[in-house]
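What follows is one structure encoded as structure tokens, with my remarks underneath.
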Amino acid sequence: MPLKDLFYRAGAAMARMIAVSFFLPRCRLCDLHLVQPKEKIICSDCREKIRLAAEKQCQICGKFIPDAMETCGSCLLQTPPFLRHVAYAAYEGTLREVIILYKYGEVEALKKLLVSLYLEILQKKLPGPFHAVVPVPADRRRRHGFRPVWTMARLLARELKVEFWPGLLQKNKSTLPQVGLSQARRKTNLNGAFVMAGKQNLAGKRILLIDDVITTGTTVRKCAALLSQSGARVSALTLAQSRF
């Protein structure tokens, strides 16, 4: 083969490689090319970094505790309004990045990945069964936009083949984000924010309350209290929780 043909073929191959590389989608977290058929939005390496928490957690509220303990001091002093809360892992690392990308970047395609984490927790730590899935209600400023928790809860209910009750709880006033507030301010920030949608009789109903991230636990506790007061047996499930 003439030398010029070899150069031509080598140049054409290089051009194809550059073109393919240029147009391949990239992982939204690490920027590597997505080359595997099942890779969507994030790469397989980043997905592998998201793992169920291995640390010891309070058997009631899910708070991270020393190995020698079974129940945290807060739950011993005052029983929460839910039977149990479980979070997938700590709010840090790759899991935190994915939640932020989904919630604030509004990358709705990540909902299937995040719902798979809820399902993994349910299978391993909180088997149910449940009558219905109830999302923590969105702030009124987000009711007509992208509602990340509502979206995940609806898909989760579909996967579990149970009812989805999105209007059971309502948030009747806008509040400041819990993140960044002092601990004292967090405890009062949500006072009166949540209400039940009319008078409800939930006696004997097993409710799965869904939120994305838990910090002080105030939001989940207030929502669970309303459901419990109406007779429901509430279990809470979140993707991540703060260590503090």
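Naming scheme: A, B, ... for chains in displayed order of the structure tokens; residues 1 onward per chain; ligands 1 onward as shown.
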
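For stretch 57-94 of chain A, the set of residues given alpha helix (DSSP H) by DSSP on the backbone reads Gly73, Ser74, Cys75, Leu76, Leu77, Gly93 and Thr94 of chain A.
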
Notebook entry, point to check: Near stretch 220-236 of chain A, counting only C-alpha atoms, which residues have an atom at most 10 Å away, once you skip same-chain residues fewer than 2 positions from it, shown as a ChimeraX atom specification?
Noted result: /A:60-62,80-87,126,128,130,133-137,168-171,190-196,199-211,213-218,238

If you count only C-alpha atoms, which residues fall within 9 Å of stretch 88-99 of chain A, apart from same-chain ones fewer than 5 positions away, as a CSV table (one decimal) with C-alpha atoms, in the first residue's frame?
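Saved file out_20.csv follows:
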```csv
chain,number,residue,atom,x,y,z
A,28,ARG,CA,-22.0,15.2,35.1
A,29,LEU,CA,-19.8,14.5,38.1
A,42,ILE,CA,-23.2,9.8,35.6
A,46,CYS,CA,-19.3,7.4,40.2
A,47,ARG,CA,-22.4,5.1,40.6
A,49,LYS,CA,-19.2,5.1,44.9
A,50,ILE,CA,-22.8,5.4,46.2
A,51,ARG,CA,-23.2,2.7,48.8
A,52,LEU,CA,-25.5,1.9,51.7
A,53,ALA,CA,-24.2,3.3,55.0
A,54,ALA,CA,-22.1,0.7,56.9
A,55,GLU,CA,-22.0,2.7,60.1
A,64,PHE,CA,-25.3,7.7,63.3
A,104,TYR,CA,-31.1,22.0,42.2
A,110,LEU,CA,-31.6,10.9,37.9
A,114,LEU,CA,-32.3,7.7,43.4
A,117,LEU,CA,-31.6,3.7,46.4
A,118,TYR,CA,-35.0,3.9,48.3
A,120,GLU,CA,-32.5,-0.9,48.3
A,121,ILE,CA,-33.1,0.5,51.8
A,212,ASP,CA,-34.6,13.6,50.3
A,213,VAL,CA,-32.3,14.8,53.0
A,214,ILE,CA,-32.7,15.0,56.8
A,215,THR,CA,-30.6,17.4,58.9
A,237,LEU,CA,-37.3,7.1,54.4
A,238,THR,CA,-34.7,9.5,53.2
A,239,LEU,CA,-31.7,9.4,50.8
A,240,ALA,CA,-29.2,11.0,53.1
A,241,GLN,CA,-28.8,12.5,56.5
A,242,SER,CA,-26.4,14.9,58.1
A,243,ARG,CA,-23.9,13.6,60.5
```
